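Heads up, work25.txt below (compact mmCIF, C-alpha atoms):
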```
# COMPACT_ATOMS: atom_id res chain seq x y z
CA MET A 781 0.00 0.00 0.00
CA ALA A 782 1.09 3.55 -0.69
CA ILE A 783 2.74 5.48 2.13
CA LEU A 784 3.54 9.15 2.49
CA ASN A 785 5.34 10.56 -0.58
CA GLU A 786 4.82 7.38 -2.58
CA PRO A 787 2.37 7.35 -5.50
CA ILE A 788 -1.12 5.93 -5.15
CA ARG A 789 -1.19 2.75 -7.24
CA VAL A 790 -4.39 2.56 -9.32
CA GLY A 791 -5.86 -0.37 -11.20
CA VAL A 792 -8.45 0.16 -13.95
CA VAL A 793 -11.18 -2.43 -14.52
CA GLY A 794 -12.74 -2.05 -17.97
CA CYS A 795 -10.87 -0.63 -20.95
CA GLY A 796 -13.71 0.76 -23.05
CA ASN A 797 -13.94 4.23 -24.53
CA VAL A 798 -14.27 6.22 -21.29
CA ALA A 799 -11.27 4.48 -19.73
CA GLU A 800 -9.06 4.71 -22.80
CA MET A 801 -9.99 8.23 -23.91
CA ARG A 802 -10.64 9.95 -20.56
CA HIS A 803 -9.57 8.23 -17.36
CA LEU A 804 -6.22 6.74 -18.36
CA PRO A 805 -4.94 9.98 -19.98
CA ALA A 806 -6.05 11.91 -16.89
CA LEU A 807 -4.41 9.47 -14.47
CA LEU A 808 -1.12 9.46 -16.38
CA LYS A 809 -0.89 13.25 -15.96
CA LEU A 810 -0.93 13.01 -12.17
CA ARG A 811 2.48 12.75 -10.51
CA GLU A 812 1.00 11.29 -7.34
CA VAL A 813 -0.53 8.35 -9.27
CA GLN A 814 0.91 5.23 -10.82
CA VAL A 815 -1.37 3.20 -13.10
CA ALA A 816 -0.32 -0.25 -11.93
CA ALA A 817 -2.61 -2.56 -13.91
CA VAL A 818 -5.69 -2.82 -16.12
CA ALA A 819 -8.24 -5.58 -16.60
CA ASP A 820 -10.60 -6.32 -19.50
CA MET A 821 -12.11 -9.47 -21.00
CA ASP A 822 -11.21 -8.35 -24.54
CA PRO A 823 -7.57 -9.24 -25.40
CA HIS A 824 -7.54 -6.78 -28.32
CA ARG A 825 -8.38 -3.90 -25.97
CA LEU A 826 -5.62 -4.98 -23.60
CA THR A 827 -3.11 -5.03 -26.43
CA ARG A 828 -4.18 -1.54 -27.50
CA ILE A 829 -3.89 -0.24 -23.96
CA ARG A 830 -0.42 -1.77 -23.55
CA THR A 831 0.74 -0.17 -26.80
CA ARG A 832 -0.75 3.26 -26.13
CA PHE A 833 -0.06 3.68 -22.41
CA LYS A 834 2.89 1.32 -21.78
CA ILE A 835 1.08 -0.44 -18.93
CA ARG A 836 2.69 -3.79 -18.22
CA ASP A 837 0.27 -5.63 -15.93
CA LEU A 838 -2.74 -6.71 -17.98
CA HIS A 839 -5.44 -9.10 -16.80
CA ARG A 840 -8.37 -10.83 -18.48
CA ASP A 841 -9.99 -11.44 -15.06
CA TYR A 842 -10.54 -8.40 -12.84
CA ARG A 843 -10.34 -10.59 -9.74
CA VAL A 844 -6.65 -11.17 -10.42
CA LEU A 845 -6.14 -7.40 -10.39
CA LEU A 846 -8.03 -7.13 -7.10
CA ASP A 847 -5.81 -9.83 -5.56
CA ASP A 848 -2.76 -7.58 -6.07
CA SER A 849 -2.11 -6.25 -2.56
CA THR A 850 0.08 -3.43 -3.89
CA ILE A 851 -2.86 -1.73 -5.64
CA ASP A 852 -4.42 1.00 -3.50
CA ALA A 853 -7.42 2.12 -5.58
CA VAL A 854 -9.54 0.77 -8.41
CA ALA A 855 -11.39 2.60 -11.18
CA ILE A 856 -14.51 0.72 -12.27
CA CYS A 857 -15.24 1.47 -15.91
CA VAL A 858 -17.20 -1.65 -16.88
CA PRO A 859 -20.80 -1.51 -18.19
CA ALA A 860 -23.22 -0.25 -15.51
CA GLN A 861 -24.92 -3.62 -15.05
CA HIS A 862 -21.66 -4.85 -13.44
CA HIS A 863 -20.80 -1.77 -11.36
CA ALA A 864 -22.09 -3.01 -8.02
CA GLU A 865 -20.62 -6.49 -8.38
CA VAL A 866 -17.12 -5.25 -9.18
CA ALA A 867 -17.26 -2.39 -6.65
CA ILE A 868 -18.25 -4.69 -3.79
CA ALA A 869 -15.47 -7.11 -4.74
CA ALA A 870 -12.97 -4.23 -4.82
CA LEU A 871 -14.07 -3.02 -1.37
CA ASP A 872 -13.85 -6.55 0.02
CA ALA A 873 -10.29 -6.67 -1.40
CA GLY A 874 -9.40 -3.55 0.61
CA LYS A 875 -9.30 -1.02 -2.25
CA HIS A 876 -10.47 2.56 -2.49
CA VAL A 877 -13.06 2.68 -5.28
CA PHE A 878 -13.92 5.09 -8.10
CA ILE A 879 -17.15 4.08 -9.88
CA GLU A 880 -18.15 5.52 -13.23
CA LYS A 881 -21.73 6.77 -13.39
CA PRO A 882 -24.38 5.54 -12.94
CA LEU A 883 -23.77 3.99 -9.55
CA ALA A 884 -25.81 0.88 -10.40
CA LEU A 885 -28.97 -0.15 -12.25
CA SER A 886 -31.18 -0.90 -9.25
CA LEU A 887 -31.68 0.54 -5.77
CA ASP A 888 -31.11 -2.92 -4.30
CA GLU A 889 -27.61 -3.01 -5.83
CA ALA A 890 -26.93 0.56 -4.74
CA ASP A 891 -28.03 -0.17 -1.18
CA GLN A 892 -25.94 -3.34 -1.00
CA LEU A 893 -22.91 -1.41 -2.21
CA MET A 894 -23.52 1.41 0.25
CA GLN A 895 -23.88 -1.03 3.15
CA THR A 896 -20.60 -2.71 2.20
CA ALA A 897 -18.81 0.66 2.03
CA LYS A 898 -20.31 1.78 5.35
CA ASN A 899 -18.55 -1.03 7.16
CA LEU A 900 -15.13 -0.28 5.64
CA SER A 901 -12.78 2.67 6.01
CA LYS A 902 -12.23 3.18 2.29
CA GLN A 903 -12.90 6.16 0.05
CA VAL A 904 -15.62 5.53 -2.55
CA THR A 905 -16.77 8.07 -5.13
CA VAL A 906 -18.95 8.23 -8.24
CA GLY A 907 -17.65 9.67 -11.52
CA PHE A 908 -19.87 12.71 -12.06
CA ASN A 909 -17.11 14.57 -13.89
CA MET A 910 -19.31 17.51 -14.92
CA ARG A 911 -19.29 18.74 -11.31
CA TRP A 912 -15.64 19.63 -11.98
CA HIS A 913 -16.21 21.68 -15.13
CA ARG A 914 -14.73 25.16 -14.69
CA LEU A 915 -17.85 26.94 -15.97
CA VAL A 916 -20.22 24.77 -13.93
CA ARG A 917 -18.23 25.67 -10.81
CA GLN A 918 -18.49 29.35 -11.71
CA ALA A 919 -22.23 28.99 -12.26
CA LYS A 920 -22.68 27.35 -8.86
CA LYS A 921 -20.72 30.14 -7.19
CA MET A 922 -22.93 32.76 -8.86
CA ILE A 923 -26.04 30.93 -7.66
CA GLN A 924 -24.68 30.70 -4.11
CA GLN A 925 -23.80 34.42 -4.14
CA GLU A 926 -27.37 35.13 -5.32
CA THR A 927 -26.11 36.97 -8.40
CA LEU A 928 -29.12 35.59 -10.27
CA GLY A 929 -31.53 36.00 -7.37
CA PRO A 930 -34.05 33.22 -6.69
CA ILE A 931 -33.77 30.55 -9.41
CA LYS A 932 -37.08 30.05 -11.21
CA CYS A 933 -36.17 27.60 -14.00
CA ILE A 934 -33.25 25.65 -15.44
CA VAL A 935 -33.16 24.39 -19.04
CA THR A 936 -30.45 21.86 -19.96
CA ARG A 937 -29.36 19.95 -23.04
CA LEU A 938 -26.94 17.03 -23.37
CA THR A 939 -26.58 15.27 -26.70
CA SER A 940 -24.03 12.94 -28.27
CA GLY A 941 -22.84 13.23 -31.86
CA SER A 942 -24.06 10.46 -34.15
CA ARG A 943 -20.46 9.76 -35.17
CA TYR A 944 -19.84 8.47 -31.63
CA SER A 945 -22.98 6.35 -31.43
CA GLN A 946 -22.05 4.46 -34.60
CA HIS A 947 -19.16 2.81 -32.75
CA SER A 948 -20.89 2.21 -29.42
CA PRO A 949 -21.06 -1.30 -27.95
CA GLU A 950 -24.33 -3.17 -28.35
CA TRP A 951 -25.25 -2.96 -24.65
CA LYS A 952 -25.59 0.82 -24.84
CA LYS A 953 -28.75 0.41 -26.92
CA TYR A 954 -30.80 -1.25 -24.18
CA ARG A 955 -31.99 0.32 -20.94
CA GLU A 956 -31.94 -2.93 -18.95
CA GLN A 957 -28.20 -3.15 -19.71
CA GLY A 958 -27.55 0.46 -18.78
CA GLY A 959 -27.93 2.08 -22.19
CA GLY A 960 -30.06 4.83 -23.70
CA ALA A 961 -30.18 8.56 -23.21
CA LEU A 962 -32.02 8.44 -19.87
CA ILE A 963 -29.27 6.36 -18.24
CA GLU A 964 -26.08 7.10 -20.16
CA LEU A 965 -26.58 10.85 -20.59
CA ALA A 966 -29.35 12.17 -18.38
CA VAL A 967 -27.81 10.90 -15.14
CA HIS A 968 -25.11 13.59 -15.53
CA HIS A 969 -27.68 16.37 -15.51
CA PHE A 970 -29.84 14.77 -12.84
CA ASP A 971 -26.77 15.10 -10.63
CA LEU A 972 -26.09 18.66 -11.82
CA TRP A 973 -29.64 19.77 -10.95
CA ARG A 974 -28.95 18.78 -7.33
CA PHE A 975 -25.37 20.07 -7.35
CA LEU A 976 -26.24 23.53 -8.64
CA LEU A 977 -29.43 24.12 -6.67
CA GLN A 978 -28.57 22.22 -3.48
CA SER A 979 -32.11 20.89 -3.59
CA GLU A 980 -33.63 17.46 -4.13
CA VAL A 981 -35.90 16.48 -7.02
CA GLU A 982 -39.54 16.07 -6.06
CA GLU A 983 -41.20 14.81 -9.26
CA VAL A 984 -40.38 14.07 -12.90
CA PHE A 985 -42.33 13.63 -16.10
CA ALA A 986 -40.38 12.02 -18.96
CA ALA A 987 -40.94 10.96 -22.55
CA SER A 988 -38.59 9.06 -24.84
CA CYS A 989 -38.44 8.04 -28.50
CA PRO A 990 -36.81 4.81 -29.65
CA GLY A 991 -34.72 4.39 -32.79
CA ASP A 992 -31.74 2.10 -33.17
CA TRP A 993 -31.48 2.60 -29.41
CA GLU A 994 -34.11 2.29 -26.70
CA ASP A 995 -34.60 5.78 -25.27
CA GLU A 996 -32.63 7.21 -28.18
CA THR A 997 -34.01 10.70 -27.50
CA ALA A 998 -35.74 11.88 -24.34
CA THR A 999 -37.15 14.90 -22.55
CA VAL A 1000 -37.55 15.27 -18.80
CA THR A 1001 -39.37 17.97 -16.88
CA ALA A 1002 -39.00 18.16 -13.13
CA ARG A 1003 -39.97 20.07 -10.03
CA MET A 1004 -37.33 20.55 -7.36
CA GLU A 1005 -38.25 20.64 -3.66
CA SER A 1006 -37.14 24.29 -3.72
CA GLY A 1007 -39.89 25.00 -6.27
CA THR A 1008 -37.53 25.48 -9.23
CA LEU A 1009 -38.72 23.96 -12.50
CA VAL A 1010 -36.33 22.05 -14.79
CA VAL A 1011 -36.65 21.14 -18.47
CA SER A 1012 -34.01 18.89 -20.07
CA PHE A 1013 -33.40 17.33 -23.49
CA PHE A 1014 -31.16 14.33 -24.18
CA SER A 1015 -30.25 12.48 -27.37
CA GLU A 1016 -27.70 9.83 -28.35
CA VAL A 1017 -27.72 10.43 -32.11
CA THR A 1018 -27.61 14.16 -32.85
CA HIS A 1019 -24.98 16.90 -32.72
CA ALA A 1020 -22.76 16.83 -29.61
CA SER A 1021 -23.76 19.61 -27.21
CA GLN A 1022 -23.99 20.34 -23.51
CA ASP A 1023 -25.62 23.53 -22.30
CA LEU A 1024 -27.26 24.84 -19.14
CA GLU A 1025 -29.56 27.87 -19.04
CA ILE A 1026 -30.33 29.21 -15.59
CA TYR A 1027 -33.17 31.71 -15.21
CA GLY A 1028 -33.13 33.76 -12.02
CA GLN A 1029 -35.20 36.69 -10.89
CA ARG A 1030 -32.20 39.00 -11.31
CA GLY A 1031 -30.75 37.60 -14.50
CA TYR A 1032 -30.08 34.82 -16.99
CA LEU A 1033 -26.95 32.67 -17.14
CA LYS A 1034 -26.00 30.41 -20.03
CA VAL A 1035 -23.25 27.82 -19.69
CA SER A 1036 -21.98 26.18 -22.90
CA CYS A 1037 -19.74 23.40 -21.62
CA TYR A 1038 -17.97 22.69 -24.92
CA ARG A 1039 -16.93 26.34 -25.45
CA PHE A 1040 -13.94 27.90 -23.71
CA ASP A 1041 -15.86 31.22 -23.61
CA GLY A 1042 -19.14 29.55 -22.72
CA LEU A 1043 -20.26 31.57 -19.70
CA ASN A 1044 -22.66 34.43 -20.43
CA PHE A 1045 -24.58 36.34 -17.76
CA ILE A 1046 -27.28 38.86 -18.67
CA PRO A 1047 -28.90 40.93 -15.89
CA SER A 1048 -32.69 41.02 -16.03
CA SER A 1049 -32.48 44.76 -16.73
CA ARG A 1050 -30.96 44.07 -20.16
CA LEU A 1051 -32.00 42.23 -23.30
CA SER A 1052 -29.88 39.35 -24.63
CA GLY A 1053 -28.65 41.45 -27.53
CA ASP A 1054 -27.80 44.47 -25.37
CA PHE A 1055 -24.75 46.30 -26.76
CA LEU A 1056 -23.20 46.95 -23.34
CA ASN A 1057 -23.52 43.31 -22.34
CA ARG A 1058 -21.90 42.17 -25.59
CA MET A 1059 -19.04 44.63 -25.09
CA GLU A 1060 -18.46 43.41 -21.53
CA ASN A 1061 -18.33 39.80 -22.75
CA THR A 1062 -15.88 40.75 -25.51
CA ILE A 1063 -13.58 42.57 -23.06
CA SER A 1064 -13.71 39.62 -20.67
CA LEU A 1065 -12.88 37.22 -23.51
CA ILE A 1066 -9.90 39.28 -24.68
CA SER A 1067 -8.48 39.74 -21.18
CA GLY A 1068 -8.71 36.03 -20.48
CA ALA A 1069 -7.56 34.87 -23.92
CA PRO A 1070 -4.02 33.68 -23.01
CA ARG A 1071 -5.24 31.41 -20.23
CA LEU A 1072 -8.25 30.25 -22.23
CA PHE A 1073 -6.19 29.35 -25.30
CA LEU A 1074 -3.68 27.46 -23.15
CA ASN A 1075 -6.57 25.56 -21.61
CA TYR A 1076 -8.03 24.87 -25.07
CA PHE A 1077 -4.81 23.38 -26.44
CA SER A 1078 -4.45 21.14 -23.39
CA GLY A 1079 -7.81 19.55 -24.17
CA GLY A 1080 -10.29 22.12 -22.94
CA ASP A 1081 -12.48 22.39 -19.87
CA TYR A 1082 -14.42 19.21 -20.58
CA VAL A 1083 -11.34 16.99 -20.79
CA ALA A 1084 -9.95 18.70 -17.68
CA THR A 1085 -12.94 17.55 -15.62
CA TYR A 1086 -11.56 14.00 -15.52
CA GLU A 1087 -8.18 15.11 -14.24
CA LYS A 1088 -9.80 17.33 -11.59
CA GLU A 1089 -12.11 14.63 -10.26
CA TRP A 1090 -9.15 12.26 -9.97
CA GLN A 1091 -7.05 14.92 -8.19
CA HIS A 1092 -9.87 15.30 -5.66
CA PHE A 1093 -10.24 11.53 -5.18
CA ILE A 1094 -6.50 10.92 -4.77
CA GLY A 1095 -6.28 13.86 -2.36
CA ALA A 1096 -9.10 12.38 -0.27
CA ILE A 1097 -7.30 9.02 -0.13
CA ARG A 1098 -3.97 10.55 0.85
CA ASN A 1099 -5.29 13.12 3.33
CA HIS A 1100 -8.32 11.22 4.69
CA THR A 1101 -10.59 14.12 3.75
CA PRO A 1102 -14.31 14.01 2.82
CA LEU A 1103 -15.32 13.40 -0.78
CA GLU A 1104 -17.45 15.93 -2.62
CA THR A 1105 -19.27 13.26 -4.64
CA THR A 1106 -20.57 10.42 -2.48
CA LEU A 1107 -22.41 7.14 -2.87
CA GLU A 1108 -25.52 8.95 -1.63
CA ASP A 1109 -25.20 11.36 -4.58
CA GLY A 1110 -24.96 8.35 -6.90
CA ARG A 1111 -28.03 6.74 -5.36
CA ARG A 1112 -30.12 9.89 -5.61
CA ALA A 1113 -29.22 10.36 -9.29
CA LEU A 1114 -30.09 6.69 -9.92
CA GLN A 1115 -33.46 7.20 -8.22
CA ILE A 1116 -34.23 10.07 -10.63
CA VAL A 1117 -33.24 7.80 -13.55
CA LEU A 1118 -35.58 5.05 -12.34
CA ALA A 1119 -38.45 7.52 -11.87
CA SER A 1120 -37.87 8.93 -15.37
CA LEU A 1121 -37.84 5.48 -16.97
CA ALA A 1122 -41.08 4.61 -15.18
CA SER A 1123 -42.65 7.88 -16.31
CA THR A 1124 -41.95 7.11 -19.99
CA SER A 1125 -43.84 3.82 -19.67
CA MET A 1126 -46.66 5.07 -17.43
CA LYS A 1127 -47.03 8.33 -19.39
CA GLU A 1128 -47.58 10.26 -16.20
CA PRO A 1129 -45.49 12.13 -13.60
CA VAL A 1130 -43.67 10.06 -10.99
CA LYS A 1131 -42.73 11.18 -7.49
CA ILE A 1132 -39.07 10.45 -6.78
CA GLU A 1133 -39.92 8.89 -3.42
CA ARG A 1134 -42.15 6.41 -5.30
CA ALA A 1135 -39.62 5.50 -7.98
CA PRO A 1136 -39.41 1.77 -8.75
CA ARG A 1137 -36.39 0.01 -7.31
CA ASN A 1138 -35.55 -1.53 -10.68
CA ILE A 1139 -35.52 -0.44 -14.32
CA THR A 1140 -38.98 -0.27 -15.88
CA PRO A 1141 -38.97 -2.18 -19.21
CA VAL A 1142 -39.61 -0.22 -22.39
CA ALA A 1143 -43.33 0.05 -23.12
CA ARG A 1144 -44.02 -1.82 -26.35
CA THR A 1145 -46.91 -0.99 -28.66
CA GLY A 1146 -48.63 -3.20 -31.20
```
Would you write the structure of this file as structure tokens?
Amino acid sequence: MAILNEPIRVGVVGCGNVAEMRHLPALLKLREVQVAAVADMDPHRLTRIRTRFKIRDLHRDYRVLLDDSTIDAVAICVPAQHHAEVAIAALDAGKHVFIEKPLALSLDEADQLMQTAKNLSKQVTVGFNMRWHRLVRQAKKMIQQETLGPIKCIVTRLTSGSRYSQHSPEWKKYREQGGGALIELAVHHFDLWRFLLQSEVEEVFAASCPGDWEDETATVTARMESGTLVVSFFSEVTHASQDLEIYGQRGYLKVSCYRFDGLNFIPSSRLSGDFLNRMENTISLISGAPRLFLNYFSGGDYVATYEKEWQHFIGAIRNHTPLETTLEDGRRALQIVLASLASTSMKEPVKIERAPRNITPVARTG
């Protein structure tokens, strides 16, 4: 096990797209981390990972990786239907655990995982990387400082480009295996609703349209316990975008997460095309250009979210400090997912407290 001044040794279970393109590059940038081993059932993926990242210890069986007593922490990047199983095994093996979202696919699995973690002194977090986006953090600060006044409504959009969906594994098409827009995509924003407003979700009403995927495109409207209304759109097969629009009594804030200059605040006393507001945004952009361009060429704010969440997790392991994203956060986001899936089938609003404990099958017609 790692001691003071020695790197935290991390093993990665699952070498799919998110591990190869996001987590491994982020981990390899951190001086205080050593990627000790990876595990995946696909030998071709393992070969690619060895070639790209020069990782020597490769395993077809994740249990062999967990048996390595020198590994301190494990990143679980397998399909969501296996999250709880692998996470519980990792905790039983004495590892700190990072779990990609969603936490699990049923509340029974989530509760079993949480009970296991409760009895062990290990750090466990859920990979809601968008909490670490620079512009999202700025938006939260503005909300906390009441720059926008009381928040009346939030409108969000998260869509994947069709060029990505063409190469997705088959399981991502089916909700009972953890696929579809309401599980794969929407869970990010379900967590952001809570993160930004510091309020729980009371009720959701959702609709989804199938295509090559179940729940290929979906809309969700919600009421927060604070009274704020939320409207969100998700799609797996359109243009890639991620935007948040926050409407407060004192102003409007738009966050475009894939733009380096994507934060735009307009006081309620001005119109969106107001000349003064546009000039202020231009001046702000020019003054911050050197830092913004440097950030852009290093991968941008979105890519940086993965490195930041890992920095926080590793810091919590080393310093025994509280985690910002907990298993309870993962469970609450899962509960909103389950309520939304039920709403699409029932065609009526669903109270979060009455969400089914398991995934509601897709409603078939004809």
- Find, counting only C-alpha atoms, the residue in A:Val792, A:Val984, A:Val916, A:Ile868 that gets nearest to Gln895 in chain A.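 Among the listed residues, the smallest separation from Gln895 in chain A belongs to A:Ile868.
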- Message: Need to verify the contact set: range 813-827 of chain A, 6 Å, all atoms listed in the file, exclusion of same-chain residues closer than 4 positions in sequence. Can you return it as a PyMOL selection string?
- Response: chain A and resi 787-795+837-840+842
- Counting only C-alpha atoms, note down every residue that has an atom within 6 Å of the point (-37.8, 13.5, -17.0) (file coordinates), as number ranges by chain. A: 984-986, 999-1001, 1120
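If only C-alpha atoms are the atoms counted, then among A:Ser901, A:Glu1089, A:Leu1043, A:Ala890 the closest residue to Leu871 in chain A is A:Ser901.
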Set out as CSV a contact list for range 951-1022 of chain A and range 1093-1114 of chain A with a cut-off of 9 Å, giving each residue of range 951-1022 of chain A that qualifies its closest atom pair and distance in Å to one decimal, counting all atoms listed in the file, ordered by chain and rising residue number.
```
residue,atom,partner,partner_atom,distance
A:Ile963,CA,A:Leu1114,CA,8.4
A:Val967,CA,A:Ala1113,CA,6.0
A:His968,CA,A:Ala1113,CA,8.1
A:His969,CA,A:Ala1113,CA,8.8
A:Phe970,CA,A:Ala1113,CA,5.7
A:Asp971,CA,A:Ala1113,CA,5.5
A:Arg974,CA,A:Ala1113,CA,8.6
A:Glu980,CA,A:Arg1112,CA,8.5
A:Val981,CA,A:Arg1112,CA,8.9
```
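Closest approach to Glu926 in chain A from the set A:Gly991, A:Val1011, A:Tyr1027, A:Lys898 is made by A:Tyr1027, with distances taken over only C-alpha atoms.
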- Excluding Leu915 in chain A and residues on its chain fewer than 4 positions from it, collect all residues at most 12 Å away from it, counting all atoms listed in the file, and give them as a PyMOL selection string. chain A and resi 910-911+919-922+976+1022-1024+1033-1045+1072+1080-1082+1084-1085
- In Å to one decimal, how far is CA of Ala873 in chain A from CA of Thr850 in chain A?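 Between these atoms lies a distance of 11.1 Å.
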- Tell me which of A:Arg836, A:Lys1131, A:Lys1088, A:Arg1137 sits closest to Arg802 in chain A, counting all atoms listed in the file.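 Of A:Arg836, A:Lys1131, A:Lys1088, A:Arg1137, the one nearest Arg802 in chain A, counting all atoms listed in the file, is A:Lys1088.
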- Query: Rounded to one decimal in Å, what is the spacing between CA of Ala853 in chain A and CA of Ile829 in chain A?
  - Reply: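 Separation of CA of Ala853 in chain A and CA of Ile829 in chain A: 18.9 Å.
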- Work out how far apart CA of Arg843 in chain A and CA of Ala867 in chain A are and give it in Å to one decimal.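 We find that CA of Arg843 in chain A and CA of Ala867 in chain A lie 11.2 Å from each other.
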- Query: When distances are computed from only C-alpha atoms, which of A:Met1004, A:Ala864, A:Leu893, A:Ala806 shows the smallest separation from Phe975 in chain A?
  - Reply: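 Between A:Met1004, A:Ala864, A:Leu893, A:Ala806, the residue approaching Phe975 in chain A most closely is A:Met1004.
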May I have the residues at most 6 Å from (-31.7, 10.5, -23.4) in the file's coordinates, counting all atoms listed in the file, as a compact mmCIF listing (two decimals) with C-alpha atoms, keeping the file's coordinate frame?
```
# COMPACT_ATOMS: atom_id res chain seq x y z
CA GLY A 960 -30.06 4.83 -23.70
CA ALA A 961 -30.18 8.56 -23.21
CA LEU A 962 -32.02 8.44 -19.87
CA LEU A 965 -26.58 10.85 -20.59
CA ALA A 966 -29.35 12.17 -18.38
CA ASP A 995 -34.60 5.78 -25.27
CA GLU A 996 -32.63 7.21 -28.18
CA THR A 997 -34.01 10.70 -27.50
CA ALA A 998 -35.74 11.88 -24.34
CA PHE A 1014 -31.16 14.33 -24.18
CA SER A 1015 -30.25 12.48 -27.37
```
